[in-house]
Amino acid sequence: MTNSWTDIANTDLAVVMGGNSAEAHPCGFKWVLEARSHRKAKLIVVDPRFTRTAAVADLYVPIRPGTDIAWLGGLVNYLLSSNKIQHAYVSAFTNAPFIVKEGYGFKDGLFTGYAEAKRSYNMASWDYELDDKGQVKSDSSLQDPRCVFQLMKAHYARYTPEMVARITGSPRDKLLTAWSWIAETSAPDKAMTSMYALGWTQHSVGSQNIRTMAMVQLLLGNIGVSGGGMNALRGHSNIQGLTDLGLLSNLIPGYLTLPSEHEPDLATYMKPRGFKPLRPNQLSYWQNYKKFFVSFQKAMWGEAANAGNDFAYDYLPKLDVQYDLLRIYDLMHEGKVNGYLCQGFNPLQSAPNKAKISTALAKLKFLVVMDPLATETASFWEDHGEFNAADPAKIKTEVFRLPTTCFAEEDGSLVNSSRWLQWHWKGAEPPGEAKSDIAIMAGLHLRLRELYKKQGGAFPDPIVNLHWPYLRPDAPTPEELAKEINGYVVEDVVDPKDPQKKLLTKGEQLNLFAELRDDGKTACGCWIYSGSFTPKGNMMARRDTSDPSGLGLVPNWAWSWPANRRILYNRASCGPDGKPWDPKRTLIKWTGSAWGGFDVPDFPPPSNPKLGMGPFIMLPEGSARLFTRAFLKDGPFPEHYEPFESPVANPLHPKVGPNPAARVFKSDLAVFGKPSDFPYVATTYRVTELFHFWSKHTRINAILQPQQFVELSEELAKKKGIAAGDWVKVRSNRGQIRAVAVVTKRLKPLAVDGKTIEVVGLPFHWGFTGLTKKGYPSNVLTPYVGDANAETPEFKAFLVDIEKTSPPATA
Amino acid sequence: MASLQSLDIKARSATSFPTPDVRGGQAVEVAKLIDVGRCIGCKACQAACMEWNDLRDEIGTNEGSYQNPPDLSADSWTLMRFAEFEENGKLEWLIRKDGCMHCAEPGCLEACPAPGAIVQYANGIVDFISENCIGCGYCIKGCPFDIPRLSKVDGKAYKCSLCSDRAAVGLEPACAKACPTQAISFGTKPDMLELASFRVDELKGRGYKEAGIYDPPGVGGTHVMYVLQHADRPELYQGLPKDPKISPLVYLWKGLAKPIALATMGLAVLAGFFHYVTVGPDTIDDEDEKAAERDIGPKGRAAE
């Protein structure tokens with residue numbers, strides 16, 4: 001989230017699209033109702049289904065799965081053509097005035113630079129026009145035909161209300177009502193919050209779904225302000241922590257990137273990571289990249305990382321390709337992966353195309369599953385009839401189950417959607433032989449280190465030199481790790497102007513990432529968390545609810561990254577002159593000599609507004625991007641592409657249907673279904689009563705939602721002779737499931753491109769373990785294709801057929 | 001603030017002598033307010049009810065709806081009932097938390113023939129005292145809301161106690177504590193009525209012209225009240241009765257049939273005595289054991 005859960009109470013309009021927060025985040029959702037009670041805020045829900053969130057909404061707009069960019073692109077067009085944008089914000093804080101260089105273009109569904117054979121773009125033409133000093137050219141009148149504003153206007157002119165209704169199936173009147181409510185928040189004293197989750201990410205255009213709404217929010221001046229923002233509602237209690245700490249295959253902690261194989265040394269690696277400002281007087285904070293990177297290397301390898309060896313740069317793996325979830329299972333499926341340590345993950349249920357995952361796991365030599373529960377993945381080799389047909393005699397994979405503690409059985413911190421690191425204390429002793437993940441990993445490391453010490457090997461250095469300073473090497477404590485992540489001083493640092501004055505003292509905890517250095521004198525496991533465990537102690541353990549702002553900033557409750565800042569980009573809550581757009585919702589302001597206020601300024605405190613530094617300090621241009629320079633792989637402007645399995649051709653450009661740059665493997669292209677065989681659109685989702693595949697193991701949750709079901713409209717049910725409570729079979733080109741039918745008014749046929757489109761709803765919680773009745777993972781059905789940028793699989797829009805059937809014998 | 005607890009009993013089933021009242025009527029009336037306009041149907045209240053009252057219903061099946069378990073039972077004292085309502089092209093998902101309404105004039109208590117099996121505390125909570133229950137099921141007939149259920153395990157009647165044990169120590173009911181959207185509130189009845197009127201105004205402001213409070217006078221008002229979007233049509237909410245009243249049969253039973261029935265029960269006791277004297281005691285056979293095992297499960301509840 002750019003903002004926080006508590007800040008949602010300050011909004012004037014909550015738009016829940018690409019998510020279902022009442023269902024998936026019932027506790028956080030209360031802040032929407034707070035805003036309604038105290039600010040008369042409204043709630044719009046845009047969703048293929050009338051959800052639990054829709055049950056309390058002021059306006060519900062149905063939409064065909066996978067057409068959010070068309071809907072939002074139409075909104076961009078509506079805002080621009082009806083002149084409902086916050087002009088002062090757009091011209092001062094976004095790249096709307098910047099000139100795009102000659103050569104960039106968009107035609108018939110493709111941006112310039114597409115190479116069909118590689119299914120990818122050469123992004124060179126997606127950039128600004130620079131002057132001879134390397135600075136971006138700009139036209140503050142926004143009239144230059146090659147400025148971002150005009151290009152954007154032209155790009156979205158195609159997205160008329162008629163075209164949007166035709167693509168999305170959203171009724172035109174509802175569409176226009178929603179857009180007019182949204183447009184009202186272009187007033188400087190009105191804010192709208194965007195609340196989304198996996199309903200936007202799990203598409204082959206996932207990243208661009210989110211970006212389109214970010215563009216809307218920028219045009220409305222709703223980024224950086226209280227009650228506004230782009231608010232990703234995370235699906236697990238610590239999934240924010242996972243991405244922050246770089247647990248994605250191409251990252252290292254703090255959103256630094258792993259080197260590629262074309263970057264053999266530190267100098268080459270740093271070359272594209274210089275982040276020189278592209279406009280006068282801009283901060284471009286990533287210029288500090290090397291400080292974060294070197295401090296990370298020091299935290300990892302201690303004295304073994306030093307100036308003499310490029311701070312152990314050679315110890316880092318160099319990527320040839322990206323090893324994301326889809327790639328790894330594809331490689332496993334090809335028999336190219338021998339062993340798999342599966343920690344806190346249940347891919348047999350979570351990853352697309354269960355049949356492929358199951359075959360892939362059977363090709364492993366060994367599989368280690370670390371989990372508090374006996375998961376489906378750990379039992380993939382067991383025969384459970386039609387729910388998991390397997391022949392254990394033929395599966396050679398050796399499976400080890402290592403029982404771990406669950407969150408309530410250990411101390412530590414969790415990072416919530418609000419970016420708050422909240423320390424927690426264990427509430428119970430772990431049962432049986434369960435050990436913490438930390439203890440298991442430590443044990444593994446110590447044994448590996450012994451083996452490498454004794455036997456050597458091709459390159460033992462990264463293992464044997466790993467910095468391991470813990471009091472008990474076999475059981476590092478969560479506090480020890482938290483301190484290392486915050487960072488500490490490796491060597492004294494003196495003031496260059498006054499050698500008598502010590503700036504940093506060896507062995508002390510760092511106060512903030514501003515103290516980090518690129519000379520190896522500081523160590524820090526994750527720069528954005530620096531400030532969470534300072535010389536004053538564990539900031540994450542704070543529990544003070546006082547709130548001087550009255551805006552729910554609660555600055556002394558736990559700790560929010562970065563720098564305990566509660567609202568990102570908060571400089572944009574003030575106009576270029578430094579005065580708040582809405583004085584009633586003041587986060588920070590220019591006091592005449594410095595930036596101050598209730599929140600920690602996301603800006604250098606002494607920077608006078610007159611200098612013109614932009615609020616988006618992480619970008620070299622200082623301005624937010626309506627047009628993304630070469631960055632996202634599928635285009636500088638979001639464009640509507642159909643899902644890979646779609647019931648219609650792309651009405652905008654029939655020849656380019658799905659995302660031309662999405663992640664798809666050749667073997668999987670063959671198993672996409674056609675609308676002639678699979679006429680209905682399916683989408684997967686969770687329900688409140690169950691949490692993923694875990695809580696079906698607890699009795700109360702199992703009582704509340706005991707058995708798998710499938711939702712369909714009354715119209716489709718009538719057509720197919722299905723009554724509520726009947727058993728139905730749902731088939732895709734990859735498999736089939738059986739479940740109980742819930743026939744509902746909450747799904748309605750949609751009028752799309754002259755056709756009637758039905759949506760089938762597939763809640764995904766059930767499997768062959770746990771206390772609920774046995775069921776199928778919905779991933780028996782889902783397609784193996786991912787977003788072009790995040791590689792998130794397309795679980796939210798694909799094709800199925802449905803018919804009445806008999807109950808399974810073993811249910 | 002007056003205490004919400006009450007040790008005083010206002011009314012006691014099948015009892016004609018006055019109930020003790022040494023505390024001089026200090027108790028205030030309590031009420032739980034359920035605002036259907038804020039309810040998201042998350043079932044946290046159902047989970048909390050099971051947790052606090054140590055209840056575990058069967059793990060059932062899906063019967064074509066979100067409603068699970070499908071009905072109230074001796075082990076499910078509260079239940080979200082889901083209704084889809086469409087009018088003038090506008091769809092509403094009306095989700096009502098069902099359970100005991102704690103009537104000011106409780107039909108169950110009125111109907112109950114077992115002395116002290118049902119009591120009404122001075123704070124308004126209507127509680128079933130299981131050890132006095134004879135399992136006759138008359139409370140079910142007496143209830144205008146169809147709430148109490150007989151247990152398959154001990155044959156006695158059960159229903160929501162409004163967490164009388166929590167109220168006794170000044171805590172809100174478990175469901176109200178767990179509700180994430182403050183759709184359930186708990187306090188004195190005047191306070192809850194005030195909150196309700198605020199919530200009704202909010203709904204009216206959002207276009208629900210017929211929004212209102214459900215506190216039906218036919219049962220003397222209730223200690224569980226609803227805020228409804230369509231207070232003029234409570235039956236939209238899965239059959240919430242528009243004008244609930246205690247069935248006239250209950251009064252008939254009280255006035256005429258009850259003495260006869262009690263006499264019949266007396267005869268049954270006598271018959272049992274003679275059965276014992278002439279035939280001998282009842283024994284438990286294997287069939288009985290198996291039936292009990294079916295009802296409570298082979299491992300009892302140790303596995304939870």
# chains A, B, ... in the order shown; residues from 1 in each chain; ligands from 1
call {"tool": "closest_atom_pairs", "arguments": {"of": "chain B", "to": "chain A", "cutoff": "6 Å", "atoms": "only C-alpha atoms", "output": "CSV"}}
result
residue,atom,partner,partner_atom,distance
B:Ile40,CA,A:Arg52,CA,5.5
B:Cys42,CA,A:Thr688,CA,5.7
B:Ile59,CA,A:Ile703,CA,4.5
B:Gly60,CA,A:Pro706,CA,5.8
B:Thr61,CA,A:Gln707,CA,5.5
B:Asn62,CA,A:Gln707,CA,5.3
B:Glu63,CA,A:Gly725,CA,4.7
B:Gly64,CA,A:Gly725,CA,3.9
B:Ser65,CA,A:Val742,CA,5.6
B:Asn68,CA,A:Leu704,CA,5.2
B:Trp93,CA,A:Ala55,CA,5.3
B:Pro180,CA,A:Cys27,CA,4.9
B:Thr181,CA,A:Lys30,CA,4.7
call {"tool": "residues_around", "arguments": {"residues": "segment 473-480 of chain A", "least_positions_apart": "3", "cutoff": "6 Å", "atoms": "only C-alpha atoms", "output": "ChimeraX atom specification"}}
result
/A:412,439,442-443,470,483
call {"tool": "closest_residue", "arguments": {"among": "B:Gly41, B:Pro173, B:Pro18, B:Gly218", "to": "Pro106 of chain B", "atoms": "only C-alpha atoms"}}
result
B:Gly218
call {"tool": "residues_around", "arguments": {"residues": "segment 196-206 of chain A", "least_positions_apart": "3", "cutoff": "6 Å", "atoms": "only C-alpha atoms", "output": "PyMOL selection string"}}
result
chain A and resi 17-19+209+232-233+662+786-787+792-796
call {"tool": "residues_around", "arguments": {"residues": "Ser164 of chain B", "least_positions_apart": "5", "cutoff": "12 Å", "atoms": "only C-alpha atoms", "output": "count of residues only"}}
result
27
call {"tool": "select_by_dssp", "arguments": {"residues": "segment 484-600 of chain A", "states": "strand (DSSP E)", "output": "VMD selection string"}}
result
chain A and resid 488 to 489 493 to 495 498 to 504 522 to 523 533 to 534 537 to 538 559 to 560 588 to 590 595 to 597
call {"tool": "residues_around", "arguments": {"residues": "segment 345-359 of chain A", "least_positions_apart": "6", "cutoff": "6 Å", "atoms": "only C-alpha atoms", "output": "list in words"}}
result
Thr377, Pro777, Asn779, Val780, Thr782 and Tyr784 of chain A
call {"tool": "write_last_selection", "arguments": {"atoms": "C-alpha atoms", "output": "JSON list (two decimals), in the first residue's frame"}}
result
[["chain", "number", "residue", "atom", "x", "y", "z"],
["A", 377, "THR", "CA", 2.40, -31.10, -2.04],
["A", 777, "PRO", "CA", -7.64, -27.67, -6.41],
["A", 779, "ASN", "CA", -5.60, -25.40, -10.54],
["A", 780, "VAL", "CA", -6.61, -28.63, -12.19],
["A", 782, "THR", "CA", -6.10, -23.04, -14.73],
["A", 784, "TYR", "CA", -0.06, -22.01, -17.50]]
call {"tool": "residues_around", "arguments": {"residues": "segment 302-311 of chain A", "least_positions_apart": "3", "cutoff": "7 Å", "atoms": "only C-alpha atoms", "output": "JSON, numbers by chain"}}
result
{"A": [266, 294, 297, 298, 299, 465, 467, 520]}
call {"tool": "write_last_selection", "arguments": {"atoms": "N, CA and C atoms", "output": "PDB file, in the first residue's frame"}}
result
ATOM      1  N   LEU A 266      31.490  -5.793 -10.448  1.00  0.00           N
ATOM      2  CA  LEU A 266      30.693  -4.774  -9.772  1.00  0.00           C
ATOM      3  C   LEU A 266      30.541  -3.513 -10.617  1.00  0.00           C
ATOM      4  N   VAL A 294      26.373  -2.583  -1.174  1.00  0.00           N
ATOM      5  CA  VAL A 294      27.603  -2.948  -0.464  1.00  0.00           C
ATOM      6  C   VAL A 294      27.278  -3.313   0.984  1.00  0.00           C
ATOM      7  N   GLN A 297      26.026  -6.787   1.067  1.00  0.00           N
ATOM      8  CA  GLN A 297      27.108  -7.763   0.930  1.00  0.00           C
ATOM      9  C   GLN A 297      27.886  -7.928   2.242  1.00  0.00           C
ATOM     10  N   LYS A 298      28.042  -6.798   2.967  1.00  0.00           N
ATOM     11  CA  LYS A 298      28.739  -6.863   4.261  1.00  0.00           C
ATOM     12  C   LYS A 298      27.921  -7.681   5.268  1.00  0.00           C
ATOM     13  N   ALA A 299      26.602  -7.518   5.237  1.00  0.00           N
ATOM     14  CA  ALA A 299      25.754  -8.281   6.149  1.00  0.00           C
ATOM     15  C   ALA A 299      25.820  -9.766   5.826  1.00  0.00           C
ATOM     16  N   ASN A 465      32.243 -18.870   3.804  1.00  0.00           N
ATOM     17  CA  ASN A 465      32.488 -17.512   4.305  1.00  0.00           C
ATOM     18  C   ASN A 465      31.224 -16.778   4.741  1.00  0.00           C
ATOM     19  N   HIS A 467      28.650 -14.976   6.701  1.00  0.00           N
ATOM     20  CA  HIS A 467      28.785 -14.340   8.012  1.00  0.00           C
ATOM     21  C   HIS A 467      27.767 -14.958   8.962  1.00  0.00           C
ATOM     22  N   GLY A 520      32.041  -0.168   2.814  1.00  0.00           N
ATOM     23  CA  GLY A 520      32.139  -1.364   3.646  1.00  0.00           C
ATOM     24  C   GLY A 520      32.146  -1.079   5.141  1.00  0.00           C
TER      25      GLY A 520
END
call {"tool": "select_by_dssp", "arguments": {"residues": "segment 150-278 of chain B", "states": "alpha helix (DSSP H)", "output": "count of residues only"}}
result
52
call {"tool": "residues_around", "arguments": {"residues": "Ala114 of chain B", "least_positions_apart": "3", "cutoff": "9 Å", "atoms": "only C-alpha atoms", "output": "PyMOL selection string"}}
result
chain B and resi 13-15+117-118+132-134+136
call {"tool": "atom_distance", "arguments": {"atom1": "atom CA of Ala649 of chain A", "atom2": "atom CA of Leu632 of chain A"}}
result
24.4 Å
call {"tool": "atom_distance", "arguments": {"atom1": "atom CA of Lys84 of chain A", "atom2": "atom CA of Arg166 of chain A"}}
result
23.6 Å
call {"tool": "closest_residue", "arguments": {"among": "B:Ile246, B:Ile213, B:Cys160, B:Arg199", "to": "His38 of chain A", "atoms": "only C-alpha atoms"}}
result
B:Arg199
